[in-house]
Amino acid sequence: MDENMGKGSRNDGSSEESTLRLEPCLEHKADNYEDLEEELEFDPLLYSSLERYLPDNLLNSSRLVKAQYMNEILLGYAPPSERDHTHKHREYRQKIMSNYQPLHKVLYTMHATNFFVPSFLKAISESTEESFRNIMSEPSPGVLTFEMLQPRFCEMMLEEVENFEKWIRETKFRIMRPNSMNKYGAVLDDFGLQTMLQKFMEDFIRPISKVLFTEVGGSTLDSHHGFVVEYGTDRDVDLGFHVDDAEVTLNVCLGKQFTGGELFFRGVRCEKHVNTETQPEEIFDYSHVAGHAILHCGRHRHGARATTSGRRTNLLLWCRSSTFREIRKYQTDFSSWCAQCKREKEERIRKNVLFLKSEMRLRIL
């Protein structure tokens with residue numbers, strides 16, 4: 001595949017194409033574009049993520065030059081309707097953040113030593129497969145579980161969400177829910193936690209995904225969707241069988257007291273095979289523990305059983321890779337990560353081997 005990808009026309013009338021590198025320049029420290037939000041067509045965090053994919057000759061250019069270059073590429077991919085939606089969503093977020101008063105301001109900036117347990121931070125600092133495996137269990141292929149968040153962080157996040165919901169009730173502000181499946185919960189990015197969660201993904205999820213989820217774009221994660229979901233007899237009770245709109249999903253239970261609510265997993269599938277039969281070895285159920293994370297491929301089919309008492313709140317981070325999604329458009333074989341594709345490929349190979357053996361026998365006879 002060509003080293004550069006992503007094309008757009010230049011506004012200066014020249015025929016030169018705007019291109020991006022396939023792999024990010026990880027040692028490059030990207031600029032912050034949040035103060036340019038009014039001048040940008042898209043979310044400022046998208047520009048910071050995309051900057052590492054710029055050609056070498058642009059990496060050290062001024063922010064305005066880089067922003068214009070990236071804008072041309074992004075506009076080439078985004079239809080007018082999507083740009084309109086982006087502008088409306090930006091206005092929606094600004095309206096919330098200009099009126100909502102955070103309860104725990106410490107949550108809005110990354111404080112790793114206050115957020116994460118020491119064993120997790122040690123594994124991240126070493127960033128090797130061995131260091132990650134030392135703190136993780138893999139009870140089912142591709143499903144990783146480990147202790148991650150400190151109790152105080154979980155408490156503060158629960159209190160922050162409760163405070164936000166109280167503000168919603170008092171102001172009668174209509175909010176967007178996390179996704180089409182959950183009627184309760186909130187999008188954390190919408191009330192100011194977007195920057196912290198982006199750093200959460202870049203510094204603490206991407207290092208793991210780069211090692212353990214390479215086949216689904218784990219090394220090129222560049223954006224996220226962060227939210228909390230709430231389950232209970234007076235909230236969402238369960239969650240149907242589905243896949244996530246993510247390359248890698250982080251799911252951490254924040255608490256509180258509850259029974260039920262187990263996650264059930266049924267194997268990784270590409271879009272073509274999402275409804276194919278589950279194999280016995282793909283069946284796995286997971287019981288939540290507060291502060292403990294579960295990390296899995298977004299295409300890993302799963303759901304949540306009924307929460308039978310109490311209330312369960314979970315923090316989710318859908319981690320996405322624009323590079324992987326672009327490459328996937330031109331692929332037809334996903335046997336490196338789709339279990340059904342792999343089985344079908346192995347079956348084709350088996351049949352070919354049998355055919356060749358029969359041909360050889362006929363020739364001998």
# chains A, B, ... in the order shown; residues from 1 in each chain; ligands from 1
$ residues_around --residues "segment 122-127 of chain A" --least-positions-apart "2" --cutoff "12 Å" --atoms "only C-alpha atoms" --output "PyMOL selection string"
chain A and resi 112-113+116-120+129-136+146-148+200+202-212
$ write_last_selection --atoms "N, CA and C atoms" --output "tab-separated table (two decimals), in the first residue's frame"
chain	number	residue	atom	x	y	z
A	112	ALA	N	-2.97	11.04	36.40
A	112	ALA	CA	-2.82	9.58	36.33
A	112	ALA	C	-2.65	8.92	37.70
A	113	THR	N	-1.81	9.50	38.55
A	113	THR	CA	-1.53	8.85	39.85
A	113	THR	C	-2.75	8.87	40.76
A	116	PHE	N	-5.52	6.07	38.44
A	116	PHE	CA	-5.25	4.66	38.18
A	116	PHE	C	-4.54	3.97	39.34
A	117	VAL	N	-4.74	2.66	39.46
A	117	VAL	CA	-4.05	1.89	40.50
A	117	VAL	C	-2.58	1.74	40.11
A	118	PRO	N	-1.66	1.62	41.09
A	118	PRO	CA	-0.22	1.57	40.80
A	118	PRO	C	0.18	0.44	39.85
A	119	SER	N	-0.44	-0.73	39.97
A	119	SER	CA	-0.06	-1.86	39.10
A	119	SER	C	-0.32	-1.55	37.63
A	120	PHE	N	-1.41	-0.84	37.37
A	120	PHE	CA	-1.73	-0.46	35.99
A	120	PHE	C	-0.71	0.56	35.47
A	129	GLU	N	4.41	-6.41	26.13
A	129	GLU	CA	3.36	-7.44	26.24
A	129	GLU	C	3.46	-8.15	27.58
A	130	GLU	N	4.69	-8.41	28.03
A	130	GLU	CA	4.87	-9.09	29.31
A	130	GLU	C	4.30	-8.27	30.46
A	131	SER	N	4.56	-6.94	30.47
A	131	SER	CA	4.06	-6.10	31.56
A	131	SER	C	2.54	-6.05	31.57
A	132	PHE	N	1.94	-6.03	30.39
A	132	PHE	CA	0.48	-6.02	30.31
A	132	PHE	C	-0.10	-7.36	30.76
A	133	ARG	N	0.49	-8.45	30.27
A	133	ARG	CA	-0.01	-9.78	30.62
A	133	ARG	C	0.12	-10.04	32.13
A	134	ASN	N	1.10	-9.42	32.77
A	134	ASN	CA	1.30	-9.62	34.20
A	134	ASN	C	0.15	-9.10	35.05
A	135	ILE	N	-0.57	-8.09	34.55
A	135	ILE	CA	-1.68	-7.52	35.34
A	135	ILE	C	-3.04	-7.93	34.80
A	136	MET	N	-3.06	-8.68	33.70
A	136	MET	CA	-4.31	-9.01	33.02
A	136	MET	C	-4.64	-10.49	33.07
A	146	PHE	N	-8.72	-6.54	33.97
A	146	PHE	CA	-7.65	-6.10	34.88
A	146	PHE	C	-8.16	-5.00	35.79
A	147	GLU	N	-7.48	-4.83	36.94
A	147	GLU	CA	-7.80	-3.74	37.85
A	147	GLU	C	-7.24	-2.46	37.26
A	148	MET	N	-8.03	-1.38	37.27
A	148	MET	CA	-7.60	-0.17	36.59
A	148	MET	C	-7.80	1.12	37.40
A	200	PHE	N	-6.72	9.99	28.06
A	200	PHE	CA	-6.95	8.66	28.62
A	200	PHE	C	-6.71	7.61	27.54
A	202	GLU	N	-5.20	8.03	24.45
A	202	GLU	CA	-3.88	8.10	23.81
A	202	GLU	C	-2.76	7.56	24.69
A	203	ASP	N	-2.80	7.88	25.97
A	203	ASP	CA	-1.69	7.54	26.86
A	203	ASP	C	-1.86	6.23	27.63
A	204	PHE	N	-3.12	5.73	27.73
A	204	PHE	CA	-3.34	4.57	28.58
A	204	PHE	C	-4.08	3.41	27.91
A	205	ILE	N	-4.76	3.65	26.80
A	205	ILE	CA	-5.42	2.56	26.07
A	205	ILE	C	-4.64	2.22	24.81
A	206	ARG	N	-4.20	3.23	24.09
A	206	ARG	CA	-3.46	2.96	22.85
A	206	ARG	C	-2.18	2.16	23.08
A	207	PRO	N	-1.40	2.39	24.15
A	207	PRO	CA	-0.21	1.56	24.36
A	207	PRO	C	-0.54	0.07	24.49
A	208	ILE	N	-1.67	-0.24	25.13
A	208	ILE	CA	-2.10	-1.63	25.26
A	208	ILE	C	-2.58	-2.15	23.92
A	209	SER	N	-3.41	-1.37	23.25
A	209	SER	CA	-3.99	-1.79	21.97
A	209	SER	C	-2.93	-1.96	20.90
A	210	LYS	N	-1.88	-1.15	20.97
A	210	LYS	CA	-0.78	-1.25	20.01
A	210	LYS	C	-0.11	-2.61	20.08
A	211	VAL	N	-0.11	-3.20	21.27
A	211	VAL	CA	0.53	-4.50	21.48
A	211	VAL	C	-0.44	-5.66	21.32
A	212	LEU	N	-1.67	-5.49	21.83
A	212	LEU	CA	-2.60	-6.62	21.93
A	212	LEU	C	-3.77	-6.59	20.95
$ residues_around --residues "segment 339-344 of chain A" --least-positions-apart "2" --cutoff "10 Å" --atoms "only C-alpha atoms" --output "list in words"
Gly267, Val268, Arg269, Cys270, Lys272, His273, Val274, Thr276, Glu277, Thr278, Gln279, Glu282, His300, Thr332, Asp333, Phe334, Ser335, Ser336, Trp337, Glu346, Glu347, Arg348, Ile349 and Arg350 of chain A
$ closest_residue --among "A:Phe164, A:Tyr92, A:Phe258, A:Tyr108" --to "Thr308 of chain A" --atoms "only C-alpha atoms"
A:Phe258
$ closest_atom_pairs --of "segment 186-235 of chain A" --to "segment 43-60 of chain A" --cutoff "8 Å" --atoms "only C-alpha atoms" --output "tab-separated table"
residue	atom	partner	partner_atom	distance
A:Thr195	CA	A:Leu45	CA	7.5
A:Gln198	CA	A:Leu45	CA	7.8
A:Asp222	CA	A:Ser49	CA	5.4
A:Ser223	CA	A:Leu46	CA	6.9
$ select_by_dssp --residues "segment 26-85 of chain A" --states "helix (DSSP H, G or I)" --output "ChimeraX atom specification"
/A:34-39,44-53,56-58,63-77,80-85
